[in-house]
Every structure is written in C-alpha cells, then in structure tokens.
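Chemist: mmCIF, C-alpha atoms and all ligand atoms, file input30.cif:
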```cif
data_upload
loop_
_atom_site.label_atom_id
_atom_site.label_comp_id
_atom_site.auth_asym_id
_atom_site.auth_seq_id
_atom_site.Cartn_x
_atom_site.Cartn_y
_atom_site.Cartn_z
CA MET A 236 -5.50 8.33 -34.22
CA LEU A 237 -7.78 6.48 -31.82
CA LYS A 238 -8.07 8.18 -28.47
CA LYS A 239 -7.76 5.45 -25.85
CA PRO A 240 -7.97 5.94 -22.09
CA GLU A 241 -4.67 6.65 -20.38
CA ILE A 242 -3.09 3.73 -18.57
CA LEU A 243 -2.62 4.38 -14.87
CA MET A 244 0.68 3.09 -13.53
CA THR A 245 0.19 5.36 -10.55
CA PRO A 246 -0.31 4.56 -6.89
CA GLY A 247 -3.89 5.75 -7.09
CA PRO A 248 -6.27 6.15 -8.61
CA THR A 249 -5.50 2.81 -10.18
CA PRO A 250 -7.10 0.99 -13.12
CA VAL A 251 -10.60 -0.27 -12.41
CA PRO A 252 -11.90 -3.65 -13.64
CA PRO A 253 -14.74 -3.62 -16.21
CA GLU A 254 -17.00 -5.44 -13.73
CA VAL A 255 -16.60 -2.49 -11.35
CA LEU A 256 -17.34 0.04 -14.10
CA LEU A 257 -20.44 -1.91 -15.10
CA ALA A 258 -21.64 -1.99 -11.50
CA GLN A 259 -21.11 1.76 -11.32
CA GLY A 260 -23.11 2.19 -14.50
CA SER A 261 -26.08 0.21 -13.23
CA PRO A 262 -29.36 1.89 -12.32
CA ILE A 263 -29.09 3.73 -9.04
CA VAL A 264 -30.25 1.95 -5.91
CA TYR A 265 -32.16 4.05 -3.41
CA HIS A 266 -29.95 4.65 -0.38
CA ARG A 267 -32.65 3.86 2.21
CA GLY A 268 -33.85 0.28 2.09
CA PRO A 269 -32.78 -3.27 1.36
CA GLY A 270 -30.98 -2.66 -1.98
CA PHE A 271 -28.34 -0.29 -0.69
CA GLY A 272 -28.36 -2.07 2.68
CA GLU A 273 -27.07 -5.18 1.00
CA VAL A 274 -24.38 -3.24 -0.87
CA LEU A 275 -23.22 -1.49 2.31
CA ARG A 276 -23.15 -4.73 4.27
CA HIS A 277 -21.15 -6.40 1.51
CA VAL A 278 -18.65 -3.52 1.46
CA THR A 279 -18.33 -3.38 5.24
CA GLU A 280 -17.90 -7.12 5.74
CA GLY A 281 -15.49 -7.21 2.81
CA LEU A 282 -13.38 -4.49 4.38
CA GLN A 283 -13.30 -6.42 7.66
CA TRP A 284 -11.99 -9.34 5.65
CA VAL A 285 -9.25 -7.28 3.94
CA PHE A 286 -8.16 -5.65 7.20
CA GLU A 287 -8.33 -9.03 8.96
CA THR A 288 -10.46 -7.62 11.76
CA LYS A 289 -13.64 -8.16 13.68
CA ASN A 290 -13.66 -4.48 14.68
CA ASP A 291 -16.35 -2.12 13.42
CA ILE A 292 -15.81 -0.40 10.10
CA VAL A 293 -17.21 2.98 9.19
CA THR A 294 -17.24 4.30 5.64
CA PHE A 295 -17.54 7.82 4.28
CA THR A 296 -18.15 9.31 0.89
CA SER A 297 -14.82 11.12 0.76
CA SER A 298 -11.26 10.85 -0.43
CA GLY A 299 -8.64 9.25 1.81
CA SER A 300 -7.68 12.53 3.45
CA GLY A 301 -11.23 12.79 4.76
CA GLY A 302 -10.68 9.41 6.39
CA MET A 303 -7.50 10.71 8.04
CA GLU A 304 -9.36 13.75 9.35
CA ALA A 305 -12.24 11.57 10.56
CA ALA A 306 -9.81 9.45 12.58
CA VAL A 307 -8.24 12.50 14.23
CA VAL A 308 -11.50 14.26 15.15
CA ASN A 309 -13.15 11.11 16.49
CA LEU A 310 -10.26 10.02 18.68
CA PHE A 311 -8.77 13.18 20.16
CA SER A 312 -9.48 16.50 21.83
CA PRO A 313 -7.78 19.86 21.32
CA GLY A 314 -4.66 19.92 23.48
CA ASP A 315 -4.17 16.14 23.39
CA LYS A 316 -0.59 15.15 22.93
CA VAL A 317 0.10 12.77 20.04
CA LEU A 318 3.15 11.33 18.34
CA VAL A 319 3.08 11.67 14.55
CA VAL A 320 5.65 9.54 12.77
CA SER A 321 6.39 10.84 9.29
CA VAL A 322 8.45 9.28 6.52
CA GLY A 323 7.06 11.51 3.78
CA ASN A 324 4.30 13.65 2.38
CA PHE A 325 1.36 11.81 3.94
CA GLY A 326 2.95 11.67 7.38
CA ASN A 327 3.28 15.43 7.10
CA ARG A 328 -0.41 15.58 6.23
CA PHE A 329 -1.28 13.78 9.46
CA LYS A 330 0.62 16.49 11.34
CA LYS A 331 -1.20 19.26 9.44
CA ILE A 332 -4.59 17.76 10.33
CA CYS A 333 -3.61 17.41 14.00
CA ASP A 334 -2.34 21.00 13.99
CA VAL A 335 -5.62 22.29 12.56
CA TYR A 336 -7.54 20.72 15.45
CA GLY A 337 -5.21 22.06 18.11
CA LEU A 338 -3.56 18.81 19.10
CA GLU A 339 -0.09 19.02 20.57
CA VAL A 340 2.09 17.15 18.11
CA ASP A 341 5.41 15.53 18.86
CA PHE A 342 6.88 14.94 15.44
CA LEU A 343 9.17 12.01 14.72
CA GLU A 344 10.29 12.99 11.27
CA TYR A 345 12.51 10.88 9.04
CA GLU A 346 14.38 11.89 5.95
CA TRP A 347 12.21 10.96 2.96
CA GLY A 348 13.03 7.44 1.78
CA LYS A 349 13.75 6.13 5.28
CA THR A 350 11.47 3.66 7.03
CA ALA A 351 10.18 4.20 10.57
CA LYS A 352 11.98 2.17 13.25
CA ALA A 353 10.18 0.64 16.21
CA ALA A 354 13.11 1.54 18.49
CA ASP A 355 12.80 5.23 17.57
CA VAL A 356 9.06 5.15 18.25
CA GLN A 357 9.71 3.51 21.61
CA LYS A 358 12.20 6.26 22.48
CA ALA A 359 9.87 9.04 21.35
CA LEU A 360 6.75 7.65 23.04
CA LYS A 361 5.85 9.46 26.26
CA PRO A 362 3.38 8.41 28.97
CA ASP A 363 1.03 11.27 28.10
CA HIS A 364 0.80 10.55 24.36
CA ARG A 365 -2.82 9.81 23.52
CA GLY A 366 -2.06 8.49 20.07
CA VAL A 367 0.61 7.38 17.61
CA LEU A 368 -0.16 8.16 13.96
CA ILE A 369 1.79 6.64 11.10
CA GLN A 370 1.60 5.52 7.45
CA HIS A 371 1.61 1.90 6.41
CA SER A 372 2.54 2.58 2.78
CA GLU A 373 4.00 6.08 2.39
CA THR A 374 3.04 6.69 -1.21
CA SER A 375 5.34 9.67 -1.75
CA THR A 376 8.47 7.56 -1.30
CA GLY A 377 7.20 4.02 -1.87
CA VAL A 378 8.33 3.00 1.61
CA VAL A 379 6.19 0.42 3.42
CA ASN A 380 6.72 0.74 7.16
CA ASP A 381 7.01 -2.35 9.31
CA ILE A 382 3.74 -1.69 11.13
CA GLU A 383 3.85 -5.00 12.97
CA SER A 384 7.08 -4.09 14.75
CA VAL A 385 5.87 -0.55 15.58
CA ALA A 386 2.59 -2.04 16.84
CA LYS A 387 4.48 -4.18 19.33
CA VAL A 388 5.87 -1.02 20.89
CA VAL A 389 2.57 0.86 20.94
CA ARG A 390 0.51 -2.11 22.15
CA ASP A 391 1.90 -1.86 25.70
CA HIS A 392 1.15 1.86 25.91
CA PRO A 393 -2.18 3.61 26.51
CA ALA A 394 -1.82 5.54 23.23
CA LEU A 395 -4.15 4.71 20.37
CA PHE A 396 -2.44 3.30 17.30
CA VAL A 397 -3.69 4.97 14.13
CA VAL A 398 -2.42 3.73 10.77
CA ASP A 399 -3.00 5.29 7.37
CA SER A 400 -3.08 2.30 5.04
CA ILE A 401 -4.74 4.19 2.20
CA SER A 402 -2.27 2.95 -0.42
CA GLY A 403 -1.45 -0.21 1.51
CA VAL A 404 -4.66 -2.07 2.22
CA GLY A 405 -5.21 -4.85 -0.29
CA GLY A 406 -1.65 -4.50 -1.61
CA ALA A 407 0.35 -5.40 1.50
CA PRO A 408 -0.86 -7.32 4.56
CA ILE A 409 -2.31 -5.26 7.41
CA LYS A 410 -3.52 -7.48 10.25
CA VAL A 411 -5.55 -5.10 12.35
CA ASP A 412 -6.53 -7.56 15.10
CA ALA A 413 -3.33 -9.59 15.27
CA TRP A 414 -1.15 -6.46 15.37
CA GLY A 415 -3.45 -4.47 17.64
CA ILE A 416 -4.26 -1.45 15.46
CA ASP A 417 -6.95 0.81 16.92
CA CYS A 418 -7.81 2.64 13.75
CA ALA A 419 -6.64 1.66 10.27
CA ILE A 420 -7.68 3.95 7.43
CA GLY A 421 -8.14 3.01 3.79
CA GLY A 422 -9.33 4.42 0.48
CA SER A 423 -11.26 2.88 -2.39
CA GLN A 424 -9.06 4.02 -5.27
CA LYS A 425 -5.85 2.12 -4.74
CA ALA A 426 -5.11 -1.58 -4.23
CA LEU A 427 -8.80 -2.39 -3.77
CA MET A 428 -9.51 -1.58 -7.45
CA GLY A 429 -12.41 0.79 -6.75
CA SER A 430 -13.02 4.29 -8.07
CA PRO A 431 -11.96 7.27 -5.94
CA GLY A 432 -14.50 8.55 -3.43
CA ILE A 433 -14.86 6.22 -0.46
CA SER A 434 -12.77 6.27 2.70
CA PHE A 435 -13.15 3.83 5.55
CA MET A 436 -11.60 2.94 8.87
CA THR A 437 -11.53 0.19 11.45
CA ILE A 438 -12.44 1.08 15.03
CA SER A 439 -11.28 -1.03 17.99
CA PRO A 440 -13.21 -1.15 21.29
CA LYS A 441 -10.45 1.04 22.79
CA ALA A 442 -10.96 3.54 19.95
CA TRP A 443 -14.72 3.62 20.66
CA GLU A 444 -13.95 4.37 24.32
CA ALA A 445 -11.73 7.25 23.23
CA ASN A 446 -14.43 8.43 20.85
CA LYS A 447 -16.86 8.91 23.73
CA VAL A 448 -14.64 11.54 25.33
CA ALA A 449 -13.01 13.05 22.21
CA LYS A 450 -13.91 16.74 21.99
CA CYS A 451 -12.67 17.74 18.54
CA PRO A 452 -15.53 19.41 16.68
CA ARG A 453 -17.17 17.14 14.11
CA PHE A 454 -20.41 16.70 12.27
CA TYR A 455 -20.06 14.90 8.93
CA TRP A 456 -17.12 12.89 10.25
CA ASP A 457 -18.79 11.80 13.48
CA TRP A 458 -18.51 8.01 13.76
CA ALA A 459 -21.46 7.52 16.15
CA PRO A 460 -24.29 8.28 13.67
CA VAL A 461 -22.51 6.21 11.02
CA LYS A 462 -22.50 3.20 13.34
CA LYS A 463 -26.11 3.79 14.32
CA SER A 464 -27.26 3.98 10.70
CA TYR A 465 -25.31 0.84 9.85
CA GLU A 466 -27.06 -1.04 12.62
CA ARG A 467 -30.55 -0.51 11.15
CA PRO A 468 -32.21 -3.68 9.76
CA ASP A 469 -31.24 -2.39 6.30
CA PRO A 470 -27.84 -0.75 6.83
CA GLU A 471 -27.58 2.88 5.76
CA THR A 472 -25.30 5.85 5.97
CA PRO A 473 -26.56 8.97 7.79
CA TYR A 474 -26.13 11.24 4.75
CA THR A 475 -26.60 10.44 1.06
CA PRO A 476 -23.67 8.26 0.01
CA ALA A 477 -22.03 8.06 -3.42
CA VAL A 478 -24.26 5.08 -4.16
CA HIS A 479 -22.59 4.11 -7.45
CA LEU A 480 -19.14 4.12 -5.89
CA TYR A 481 -20.33 1.79 -3.16
CA MET A 482 -21.83 -0.49 -5.82
CA GLY A 483 -18.48 -0.47 -7.62
CA LEU A 484 -16.50 -1.11 -4.44
CA ALA A 485 -18.78 -4.03 -3.56
CA GLU A 486 -17.97 -5.55 -6.94
CA ALA A 487 -14.23 -4.88 -6.55
CA ILE A 488 -14.28 -6.63 -3.20
CA ARG A 489 -16.15 -9.55 -4.74
CA LEU A 490 -13.37 -9.87 -7.33
CA LEU A 491 -10.73 -9.71 -4.59
CA ARG A 492 -12.53 -12.38 -2.61
CA ASP A 493 -12.55 -14.58 -5.72
CA GLU A 494 -8.82 -14.03 -6.13
CA GLY A 495 -8.10 -14.56 -2.42
CA LEU A 496 -6.19 -12.20 -0.17
CA ALA A 497 -2.97 -14.22 -0.15
CA ASN A 498 -3.05 -14.42 -3.96
CA ALA A 499 -3.62 -10.67 -4.25
CA PHE A 500 -0.63 -9.99 -1.98
CA ALA A 501 1.47 -12.45 -3.99
CA ARG A 502 0.42 -10.79 -7.26
CA HIS A 503 1.39 -7.37 -5.97
CA ALA A 504 4.71 -8.67 -4.63
CA ILE A 505 5.59 -10.30 -7.97
CA LEU A 506 4.67 -7.18 -9.98
CA SER A 507 6.78 -5.13 -7.58
CA ARG A 508 9.78 -7.43 -7.93
CA ALA A 509 9.46 -7.36 -11.71
CA VAL A 510 9.37 -3.54 -11.82
CA LYS A 511 12.40 -3.32 -9.55
CA ALA A 512 14.35 -5.89 -11.58
CA GLY A 513 13.43 -4.01 -14.75
CA VAL A 514 14.59 -0.57 -13.64
CA LYS A 515 17.76 -1.99 -12.10
CA ALA A 516 18.54 -3.74 -15.39
CA LEU A 517 18.64 -0.27 -16.96
CA GLY A 518 21.26 0.80 -14.44
CA LEU A 519 18.82 2.93 -12.44
CA ASP A 520 18.85 2.98 -8.63
CA LEU A 521 15.80 2.41 -6.48
CA PHE A 522 14.89 5.15 -4.03
CA GLY A 523 14.22 4.39 -0.39
CA GLU A 524 15.17 1.96 2.33
CA ASP A 525 14.10 -1.69 2.24
CA PRO A 526 12.86 -1.57 -1.37
CA GLU A 527 11.79 -5.22 -1.17
CA ARG A 528 9.06 -4.11 1.26
CA ALA A 529 7.81 -1.46 -1.20
CA VAL A 530 5.20 -3.69 -2.83
CA CYS A 531 2.71 -0.94 -3.68
CA VAL A 532 4.80 1.63 -5.50
CA THR A 533 8.40 1.64 -6.70
CA ALA A 534 10.28 4.92 -6.43
CA VAL A 535 13.21 5.25 -8.81
CA LYS A 536 16.06 7.76 -8.62
CA CYS A 537 16.43 9.75 -11.80
CA PRO A 538 19.84 9.27 -13.34
CA GLU A 539 22.19 12.24 -13.75
CA GLY A 540 20.83 14.65 -16.36
CA ILE A 541 17.32 13.21 -16.45
CA ASP A 542 14.49 15.26 -14.96
CA GLY A 543 11.78 13.01 -13.52
CA ASP A 544 9.00 15.44 -14.36
CA LYS A 545 10.13 15.63 -17.99
CA LEU A 546 10.40 11.86 -18.16
CA THR A 547 6.91 11.24 -16.78
CA ALA A 548 5.46 14.00 -18.99
CA LEU A 549 7.06 12.48 -22.09
CA ILE A 550 5.78 8.99 -21.26
CA ARG A 551 2.29 10.36 -20.72
CA ALA A 552 2.20 12.52 -23.85
CA LYS A 553 3.75 10.00 -26.19
CA TYR A 554 2.50 6.67 -24.89
CA GLY A 555 -0.56 7.51 -22.78
CA ILE A 556 0.91 5.83 -19.71
CA ILE A 557 0.99 7.72 -16.44
CA PHE A 558 3.85 7.28 -14.00
CA ALA A 559 3.77 9.40 -10.86
CA PRO A 560 6.35 12.15 -10.55
CA GLY A 561 8.21 12.96 -7.31
CA GLN A 562 6.44 15.14 -4.75
CA ASP A 563 7.73 18.20 -2.88
CA ALA A 564 11.45 17.88 -2.20
CA LEU A 565 11.66 14.88 -4.52
CA LYS A 566 10.13 16.72 -7.48
CA GLY A 567 12.18 15.96 -10.58
CA LYS A 568 14.53 13.71 -8.62
CA ILE A 569 12.49 10.53 -8.59
CA PHE A 570 9.63 9.02 -10.51
CA ARG A 571 7.24 6.39 -9.20
CA ILE A 572 5.66 3.38 -10.81
CA GLY A 573 2.52 2.16 -9.08
CA HIS A 574 1.77 -1.55 -9.20
CA ILE A 575 -1.38 -1.86 -7.14
CA GLY A 576 -4.93 -2.51 -8.19
CA TYR A 577 -6.20 -4.07 -11.38
CA LEU A 578 -2.82 -4.78 -12.95
CA GLU A 579 -1.24 -7.86 -14.35
CA ARG A 580 2.09 -8.86 -15.81
CA SER A 581 1.54 -7.56 -19.35
CA GLU A 582 0.98 -4.02 -18.08
CA ILE A 583 4.29 -4.12 -16.22
CA LEU A 584 6.13 -5.25 -19.36
CA GLN A 585 4.43 -2.47 -21.33
CA ALA A 586 5.39 0.13 -18.71
CA LEU A 587 9.02 -0.98 -18.71
CA ALA A 588 9.14 -0.99 -22.50
CA VAL A 589 7.99 2.65 -22.69
CA LEU A 590 10.40 3.57 -19.90
CA GLU A 591 13.24 2.20 -22.02
CA LEU A 592 12.06 4.17 -25.05
CA ALA A 593 11.58 7.42 -23.15
CA LEU A 594 14.95 7.22 -21.39
CA ASP A 595 16.57 6.56 -24.75
CA GLU A 596 14.81 9.58 -26.26
CA LEU A 597 16.03 11.78 -23.40
CA GLY A 598 19.61 10.71 -24.02
CA TYR A 599 20.11 8.20 -21.21
CA PRO A 600 21.93 5.17 -22.61
CA VAL A 601 19.76 2.05 -22.48
CA LYS A 602 20.00 -1.27 -24.15
CA ARG A 603 16.45 -1.71 -25.34
CA GLY A 604 14.80 -4.84 -24.07
CA ASP A 605 16.92 -5.16 -20.92
CA ALA A 606 14.21 -4.00 -18.49
CA VAL A 607 11.53 -6.10 -20.15
CA ALA A 608 13.78 -9.17 -20.12
CA ALA A 609 14.65 -8.73 -16.44
CA ALA A 610 10.97 -8.43 -15.52
CA GLU A 611 10.09 -11.44 -17.62
CA GLU A 612 12.78 -13.39 -15.77
CA VAL A 613 11.05 -12.56 -12.47
CA PHE A 614 7.71 -13.70 -13.88
CA ALA A 615 9.22 -16.92 -15.21
CA GLN A 616 10.52 -17.78 -11.76
CA ALA A 617 7.38 -16.78 -9.89
C1 LIG A 701 -0.72 7.10 2.11
C2 LIG A 701 -1.75 8.07 1.66
N1 LIG A 701 -2.42 8.75 2.58
C3 LIG A 701 -3.35 9.65 2.26
C4 LIG A 701 -3.67 9.89 0.95
C5 LIG A 701 -4.69 10.90 0.63
O1 LIG A 701 -5.74 10.34 -0.06
P1 LIG A 701 -6.70 11.22 -0.99
O2 LIG A 701 -5.86 11.80 -2.08
O3 LIG A 701 -7.67 10.18 -1.47
O4 LIG A 701 -7.30 12.25 -0.12
C6 LIG A 701 -3.00 9.21 -0.06
C7 LIG A 701 -3.29 9.49 -1.47
O5 LIG A 701 -2.51 9.30 -2.36
C8 LIG A 701 -2.02 8.27 0.31
O6 LIG A 701 -1.36 7.59 -0.63
#
```
Take the structure from the file and write it as structure tokens.
Ligand SMILES: Cc1ncc(COP(=O)(O)O)c(C=O)c1O

Modeler:
Amino acid sequence: MLKKPEILMTPGPTPVPPEVLLAQGSPIVYHRGPGFGEVLRHVTEGLQWVFETKNDIVTFTSSGSGGMEAAVVNLFSPGDKVLVVSVGNFGNRFKKICDVYGLEVDFLEYEWGKTAKAADVQKALKPDHRGVLIQHSETSTGVVNDIESVAKVVRDHPALFVVDSISGVGGAPIKVDAWGIDCAIGGSQKALMGSPGISFMTISPKAWEANKVAKCPRFYWDWAPVKKSYERPDPETPYTPAVHLYMGLAEAIRLLRDEGLANAFARHAILSRAVKAGVKALGLDLFGEDPERAVCVTAVKCPEGIDGDKLTALIRAKYGIIFAPGQDALKGKIFRIGHIGYLERSEILQALAVLELALDELGYPVKRGDAVAAAEEVFAQA
C-alpha cells in the first residue's frame, strides 16, 4: 500500500500549503543581512496585519508556550499580583508559568467547556492586579472566549491585558488595537498555516512601559534586544533564528494576504459550521458553551459506550486522519476536530465520512452519509 502523509484535522500543527513547504526547502538565507531582513520584515508586518495592530511585534524561534513565558517574564516581577482566567488546559498553563516566576496568582477558574464572562472578570479584578491573562481560543475545549467584552472591563483598569491567541489568530478575529490588548500571543503552526516553531506577540506602549520595570529573570526571552535587532537597517533577531521556518511563515502570510483576512475568517466559520452540522446529524452532542463561537476547533462529546481515545486511534490507524483526543479530565470523553489552517471543504467531508465509518465500526448506530449530507447542506447555503 502507498504510504501517504497523515491528514491533520487537529488544532495544530495544521496542514501546510505546498508553497510554504517549498519556501522551507529553499536554500538557506544568511540570518544577518538583507535577505533575512526582508523575510523578517514581511513576517512582522504581516503579523501586525493579522492582529490588526500598529503595536510592535516580537518573534521568537520557539513553540507557543515559549511565547506565553516570554509575555510573563517581560511584563511582570516576582510577587506581582495577576488574575489568570482559565477555561481549560492552556489557562492552567498560564498559571503554571506565573507560579514558576513567583507571581501571586488569583485564579478565576471555570469548569472546562464554559466560556469566560466579562462580569466575572470585573468582579474578580482588584486594584492591585498588574495583569489579566486569558485564552482567546482555548484549544482543549474548543471554546472561543469573547475577548472583546472582557477587554472592555480590563481597559479601564491599570492591569495589562494579556491574551493567548495561539490557536485563535488567523482563525477568529482578534483586534488588538480596537479592543485594547496589551500583549497578544500567537504561534505559527495553527490558523496561519505555518510549520511549528515560531511564536510571536504584540506589545502595546503600556506593555513596553511595564517591560522597563519588570524584574522576572530573562535572557533568551528578553524583548528589548529583539526590538533593537529588528530596528537595524536589515532587520535581524539577536540569536540565530529558525531561518527556514521564517521563510515558510512569510509565504503563509503572503497566501493569507491574497485570500484576505475577512475571507479567511469566513472560510473558518463555514468549515466550523459544517463540522458541527455533520456531527449533530449523527446524533452526537457538541461539547462546550456557545459552540457557534468555536470556529477553530469543534469538541464533540463521545456517545455512551464510545471511548474518544479509541475512536481517534481507530481513525488514525485505519484512515490516516488525525483527530485530537480529549486532554486531562476530558480524556476519552470528547474528541476534537480542528478546522483551522490550510483546509477546505473537501477535507471536512472526508473527515466526516471517516467519522461515520469509525463510529459504525465501534458499534454506534449511524446512518452512513448523514454527516456528509448535513455538511454539504451548510456548504450549499454558504
Ligand atoms: C491556546 C494554546 N495555548 C498554548 C499552546 C501551546 O503551544 P505549543 O504547543 O506550541 O507550545 C497551545 C498549543 O496547542 C494552544 O492551543
């Protein structure tokens, strides 16, 4: 049998366009000088465009978690009091990072599947909080928080507003300037269609002020040298970057610019609606509050008697398609279908078709074709 690459229906890494792979396979560009300078400028300006901001952007060769850590160490000092709002696994990660650096964390923790509420944040916010940290898209549950409404609460408070949009940016709107976000963090491997390995963040003037007095220890993550290197006539990074990944991300951003941001959001929203219609047509329930907001990843409750881990393992082994299993407390209880990145309608129909087959094989009664037909109906109306 031919061995083809697995198909990623995961919320990251996501499939990467051939143009990006070709760019990554091109001869290496030296990282000091005009060649890489142009790539870095293209990436940085492109990210400003996606985040809808005029604020500075810094990038790091790292996974998304590195970006989260960079935000914490550049903005705060040990002993600073912050409010971490968690609706799942990645909110909990923010708390772990703050704990490691000795911040004093007030933890507004929701049951997994719930969305954060601006009124709760307002109630929890205290005058001495130096920051509010939250996820835009909480990948472990699929929930997309209403960041705009939370921002309205935080905007009138001295606290810095820090938003992890690692699985959100490019998939769901995040208007950094209009909403007043001080630091929004993203990663290359999700809706932006890049390979894993680059994290980046936006930095407001208020965040730069905080950076000047922030005492958390930092070297690699220090924003100041990154900004200084970027401001050279040929922009650079202070330390050797993953040059090929930057070349790939520059190409991915070029493709996104060609598509247009509004069109990319519309594409993701339609794919999301189709997935949701498909799973519901099989009698399955969606997991999480406000599923219509969950445009990046759809979390589905496993029906009685079906183990989500077994289901995703079967689909992977038999059909070469990867769905994401549930994490932590949701292990086995949900499975997740990612619909961000380089995906189009045919891949959604394919994913729903194999879901039907796998559920059938595991003994869950399905009428084959129902999920595919329901998704096709969404596409026909879009
Ligand atoms: C919302 C969110 N935050 C943080 C991360 C961590 O990113 P990474 O795995 O690239 O370190 C992820 C990765 O899935 C994520 O989805």

Chemist: Please tabulate, as JSON lines, the residues of chain A that come within 7 Å of ligand LIG 701 (chain A), each with its closest pair of atoms and the distance in Å to one decimal, counting only C-alpha atoms and all ligand atoms and ordering rows by chain, then residue number upward.

Modeler:
```
{"residue": "A:Pro246", "atom": "CA", "partner": "A:LIG701", "partner_atom": "O5", "distance": 6.9}
{"residue": "A:Gly247", "atom": "CA", "partner": "A:LIG701", "partner_atom": "O5", "distance": 6.1}
{"residue": "A:Ser298", "atom": "CA", "partner": "A:LIG701", "partner_atom": "O3", "distance": 3.8}
{"residue": "A:Gly299", "atom": "CA", "partner": "A:LIG701", "partner_atom": "O3", "distance": 3.5}
{"residue": "A:Ser300", "atom": "CA", "partner": "A:LIG701", "partner_atom": "O4", "distance": 3.6}
{"residue": "A:Gly301", "atom": "CA", "partner": "A:LIG701", "partner_atom": "O4", "distance": 6.3}
{"residue": "A:Phe325", "atom": "CA", "partner": "A:LIG701", "partner_atom": "N1", "distance": 5.0}
{"residue": "A:Gln370", "atom": "CA", "partner": "A:LIG701", "partner_atom": "C1", "distance": 6.0}
{"residue": "A:Ser372", "atom": "CA", "partner": "A:LIG701", "partner_atom": "C1", "distance": 5.6}
{"residue": "A:Glu373", "atom": "CA", "partner": "A:LIG701", "partner_atom": "C1", "distance": 4.8}
{"residue": "A:Thr374", "atom": "CA", "partner": "A:LIG701", "partner_atom": "O6", "distance": 4.5}
{"residue": "A:Asp399", "atom": "CA", "partner": "A:LIG701", "partner_atom": "N1", "distance": 5.9}
{"residue": "A:Ser400", "atom": "CA", "partner": "A:LIG701", "partner_atom": "C1", "distance": 6.1}
{"residue": "A:Ile401", "atom": "CA", "partner": "A:LIG701", "partner_atom": "C2", "distance": 4.9}
{"residue": "A:Ser402", "atom": "CA", "partner": "A:LIG701", "partner_atom": "O6", "distance": 4.7}
{"residue": "A:Gly422", "atom": "CA", "partner": "A:LIG701", "partner_atom": "O3", "distance": 6.3}
{"residue": "A:Pro431", "atom": "CA", "partner": "A:LIG701", "partner_atom": "O3", "distance": 6.8}
```

Chemist: Do a neighbour search on Ser297 in chain A at 10 Å with only C-alpha atoms, toss out local chain neighbours closer than 5 positions, and write the hits as a list in words.

Modeler: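 Returned residues: Gly302, Gly422, Ser423, Pro431, Gly432, Ile433, Ser434, Phe435, Trp456, Pro476 and Ala477 of chain A.
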
Chemist: When distances are computed from only C-alpha atoms, which of A:Lys238, A:Arg489, A:Arg365, A:Arg467 shows the smallest separation from Phe311 in chain A?

Modeler: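 Smallest distance to Phe311 in chain A is found for A:Arg365.
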
Chemist: Counting all atoms listed in the file, which of A:Asp381, A:Glu611, A:Glu241, A:Glu591 gets nearest to Glu527 in chain A?

Modeler: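 Closest candidate: A:Asp381.
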
Chemist: Pick out the closest residue to Thr533 in chain A from this set: A:Pro473, A:Gly415, A:Pro313, A:Pro560. Count only C-alpha atoms.

Modeler: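 Among the listed residues, A:Pro560 lies closest to Thr533 in chain A.
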
Chemist: Please measure the separation of CA of Lys515 in chain A and CA of Asp605 in chain A, giving the value in Å to one decimal.

Modeler: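 It comes out at 9.4 Å.
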
Chemist: Which residue out of A:Val514, A:Cys451, A:Leu427, A:Ile409 has the minimum interatomic distance to Glu486 in chain A when all atoms listed in the file are used?

Modeler: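 Ranking A:Val514, A:Cys451, A:Leu427, A:Ile409 by distance to Glu486 in chain A, first place goes to A:Leu427.
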
Chemist: What is the distance, in Å and to one decimal place, between CA of Val388 in chain A and CA of Val356 in chain A?

Modeler: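 It comes out at 7.4 Å.
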
Chemist: Find the distance between CA of Ala610 in chain A and CA of Leu590 in chain A and write it in Å to one decimal.

Modeler: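 Atom-to-atom, CA of Ala610 in chain A to CA of Leu590 in chain A, that is 12.8 Å.
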
Chemist: Looking at only C-alpha atoms, which of A:Thr294, A:Gln283, A:Gln357, A:Ser375 is the one that sits closest to Val404 in chain A?

Modeler: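 Of all the options, A:Gln283 lies closest to Val404 in chain A.
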
Chemist: Could you tell me which of A:Ile541, A:Ile292, A:Leu395, A:Leu368 comes closest to Ala445 in chain A if we count only C-alpha atoms?

Modeler: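 Checking each candidate against Ala445 in chain A, we get A:Leu395 as the closest.
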
Chemist: Counting all atoms listed in the file, which residues of range 386-465 of chain A fall within 10 Å of range 250-271 of chain A, and what is the closest atom pair for each with its distance in Å at one decimal, ordered by chain and rising number, as CSV?

Modeler:
```
residue,atom,partner,partner_atom,distance
A:Gln424,CA,A:Val251,CA,8.5
A:Lys425,CA,A:Pro250,CA,8.5
A:Ala426,CA,A:Pro250,CA,9.5
A:Leu427,CA,A:Val251,CA,9.1
A:Met428,CA,A:Val251,CA,5.2
A:Gly429,CA,A:Val251,CA,6.0
A:Ser430,CA,A:Val251,CA,6.7
```

Chemist: Once you count only C-alpha atoms, which residues end up no further than 12 Å from (4.2, 17.7, 9.7) in the file's frame, shown as a PyMOL selection string?

Modeler: chain A and resi 318-335+339-345+368-369

Chemist: Using only C-alpha atoms, which residues sit within 6 Å of Thr245 in chain A once same-chain residues fewer than 4 positions away are excluded, as a PDB file with C-alpha atoms, keeping the file's coordinate frame?

Modeler:
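Resulting contents of part39.pdb:
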```
ATOM      1  CA  PHE A 558       3.850   7.280 -14.000  1.00  0.00           C
ATOM      2  CA  ALA A 559       3.770   9.400 -10.860  1.00  0.00           C
ATOM      3  CA  ILE A 572       5.660   3.380 -10.810  1.00  0.00           C
ATOM      4  CA  GLY A 573       2.520   2.160  -9.080  1.00  0.00           C
TER       5      GLY A 573
END
```
